[in-house]
Structures are given as C-alpha cells and as structure tokens.
$ cat work.cif   # mmCIF, C-alpha atoms
data_work
loop_
_atom_site.label_atom_id
_atom_site.label_comp_id
_atom_site.auth_asym_id
_atom_site.auth_seq_id
_atom_site.Cartn_x
_atom_site.Cartn_y
_atom_site.Cartn_z
CA MET A 1417 7.44 9.59 4.09
CA SER A 1418 9.42 10.21 1.00
CA LYS A 1419 7.71 11.03 -2.25
CA ASN A 1420 8.92 7.66 -3.56
CA ARG A 1421 6.94 5.75 -0.89
CA TYR A 1422 3.81 7.69 -1.83
CA ASN A 1423 4.42 6.73 -5.45
CA ASP A 1424 4.71 3.07 -4.40
CA VAL A 1425 1.28 3.22 -2.76
CA GLN A 1426 -0.22 5.06 -5.73
CA ALA A 1427 1.25 2.54 -8.18
CA LEU A 1428 -0.31 -0.38 -6.29
CA LEU A 1429 -3.68 1.35 -6.28
CA ASP A 1430 -3.41 2.10 -9.99
CA GLU A 1431 -2.59 -1.54 -10.70
CA VAL A 1432 -5.66 -2.84 -8.89
CA LYS A 1433 -8.16 -0.25 -10.14
CA GLU A 1434 -9.22 -2.18 -13.25
CA ASP A 1435 -9.56 -5.44 -11.33
CA PHE A 1436 -11.87 -3.75 -8.82
CA SER A 1437 -14.15 -2.80 -11.68
CA LYS A 1438 -14.01 -6.26 -13.21
CA PHE A 1439 -14.83 -7.94 -9.92
CA TYR A 1440 -17.55 -5.66 -8.58
CA GLU A 1441 -19.23 -4.68 -11.82
CA LYS A 1442 -18.69 -7.71 -14.05
CA ASP A 1443 -18.53 -10.45 -11.39
CA ASN A 1444 -15.15 -11.67 -12.66
CA GLN A 1445 -13.93 -14.07 -9.96
CA ALA A 1446 -10.32 -14.14 -11.19
CA ALA A 1447 -10.22 -10.37 -10.83
CA GLY A 1448 -11.35 -10.83 -7.23
CA THR A 1449 -8.34 -13.02 -6.59
CA ARG A 1450 -6.06 -10.35 -8.03
CA VAL A 1451 -7.76 -7.69 -5.89
CA ARG A 1452 -7.16 -9.75 -2.76
CA LYS A 1453 -3.48 -10.23 -3.65
CA LYS A 1454 -2.94 -6.53 -4.34
CA MET A 1455 -4.71 -5.61 -1.11
CA GLN A 1456 -2.32 -7.91 0.76
CA ASP A 1457 0.61 -6.25 -1.01
CA LEU A 1458 -0.81 -2.87 0.02
CA LYS A 1459 -1.14 -4.03 3.62
CA VAL A 1460 2.51 -5.14 3.67
CA LEU A 1461 3.65 -1.86 2.11
CA ALA A 1462 1.57 0.15 4.59
CA GLN A 1463 3.16 -1.70 7.50
CA GLU A 1464 6.63 -1.05 6.10
CA ILE A 1465 5.83 2.64 5.79
CA ARG A 1466 4.40 2.75 9.32
CA THR A 1467 7.59 1.19 10.68
CA GLU A 1468 9.75 3.57 8.66
CA VAL A 1469 7.80 6.61 9.91
CA GLN A 1470 8.09 5.44 13.52
CA ASP A 1471 11.84 4.90 13.14
CA ILE A 1472 12.27 8.40 11.73
CA LYS A 1473 10.23 9.88 14.57
CA ASN A 1474 12.25 7.98 17.17
CA LYS A 1475 15.56 9.10 15.67
CA ALA A 1476 14.36 12.71 15.64
CA ALA A 1477 13.33 12.44 19.30
CA GLU A 1478 16.72 10.98 20.23
CA THR A 1479 18.52 13.74 18.36
CA ALA A 1480 16.42 16.39 20.08
CA LYS A 1481 17.41 15.00 23.50
CA LYS A 1482 21.14 15.39 22.77
#
$ encode --input "work.cif" --output "structure tokens"
Amino acid sequence: MSKNRYNDVQALLDEVKEDFSKFYEKDNQAAGTRVRKKMQDLKVLAQEIRTEVQDIKNKAAETAKK
C-alpha cells in the first residue's frame, strides 16, 4: 500500500473523529448520520485497498514465475 492510500484512510478517520464524539457523548443524531456515511466511505476505501493489494501480490507472483 502506498503512503498515499494510508493518508486517505487517516484523512477519513480524522474527518469523522469529531462526529463520533458528538454522537456518543452528546447524543447528536445528525452526527450519527455523518458517522454512518463516513464509515461506509471507509468500507469502500478499504475494499479498494484490499483489491489493489491483491492485484499487486498477483502480479509479483506472476513475475516470479517467469
């Protein structure tokens, strides 16, 4: 995983941090909606990274066979 992909994950987590606090500590329902959206975005990003990692591993295995 490139450093940039790590930064993408970290940026999403940083964005949602305040909303977590608002939802869990202050019972702000709108913040809960934002948390759910950001968690979905994180899920999508994680799947993209998983696919990317698998592709890189497969290419390396193919290259090693040659």
$ resolve_selection --input "work.cif" --expression "the PyMOL selection byres ((chain A and resi 1460-1476) around 12)" --output "PDB file with C-alpha atoms, keeping the file's coordinate frame"
ATOM      1  CA  MET A1417       7.440   9.590   4.090  1.00  0.00           C
ATOM      2  CA  SER A1418       9.420  10.210   1.000  1.00  0.00           C
ATOM      3  CA  LYS A1419       7.710  11.030  -2.250  1.00  0.00           C
ATOM      4  CA  ASN A1420       8.920   7.660  -3.560  1.00  0.00           C
ATOM      5  CA  ARG A1421       6.940   5.750  -0.890  1.00  0.00           C
ATOM      6  CA  TYR A1422       3.810   7.690  -1.830  1.00  0.00           C
ATOM      7  CA  ASN A1423       4.420   6.730  -5.450  1.00  0.00           C
ATOM      8  CA  ASP A1424       4.710   3.070  -4.400  1.00  0.00           C
ATOM      9  CA  VAL A1425       1.280   3.220  -2.760  1.00  0.00           C
ATOM     10  CA  GLN A1426      -0.220   5.060  -5.730  1.00  0.00           C
ATOM     11  CA  ALA A1427       1.250   2.540  -8.180  1.00  0.00           C
ATOM     12  CA  LEU A1428      -0.310  -0.380  -6.290  1.00  0.00           C
ATOM     13  CA  LEU A1429      -3.680   1.350  -6.280  1.00  0.00           C
ATOM     14  CA  LYS A1453      -3.480 -10.230  -3.650  1.00  0.00           C
ATOM     15  CA  LYS A1454      -2.940  -6.530  -4.340  1.00  0.00           C
ATOM     16  CA  MET A1455      -4.710  -5.610  -1.110  1.00  0.00           C
ATOM     17  CA  GLN A1456      -2.320  -7.910   0.760  1.00  0.00           C
ATOM     18  CA  ASP A1457       0.610  -6.250  -1.010  1.00  0.00           C
ATOM     19  CA  LEU A1458      -0.810  -2.870   0.020  1.00  0.00           C
ATOM     20  CA  LYS A1459      -1.140  -4.030   3.620  1.00  0.00           C
ATOM     21  CA  ALA A1477      13.330  12.440  19.300  1.00  0.00           C
ATOM     22  CA  GLU A1478      16.720  10.980  20.230  1.00  0.00           C
ATOM     23  CA  THR A1479      18.520  13.740  18.360  1.00  0.00           C
ATOM     24  CA  ALA A1480      16.420  16.390  20.080  1.00  0.00           C
ATOM     25  CA  LYS A1481      17.410  15.000  23.500  1.00  0.00           C
ATOM     26  CA  LYS A1482      21.140  15.390  22.770  1.00  0.00           C
TER      27      LYS A1482
END
$ atom_distance --input "work.cif" --atom1 "atom CA of A:Gln1445" --atom2 "atom CA of A:Asp1430"
19.3 Å
$ resolve_selection --input "work.cif" --expression "the PyMOL selection byres ((chain A and resi 1448) around 10)" --output "PyMOL selection string"
chain A and resi 1432+1435-1440+1443-1447+1449-1454
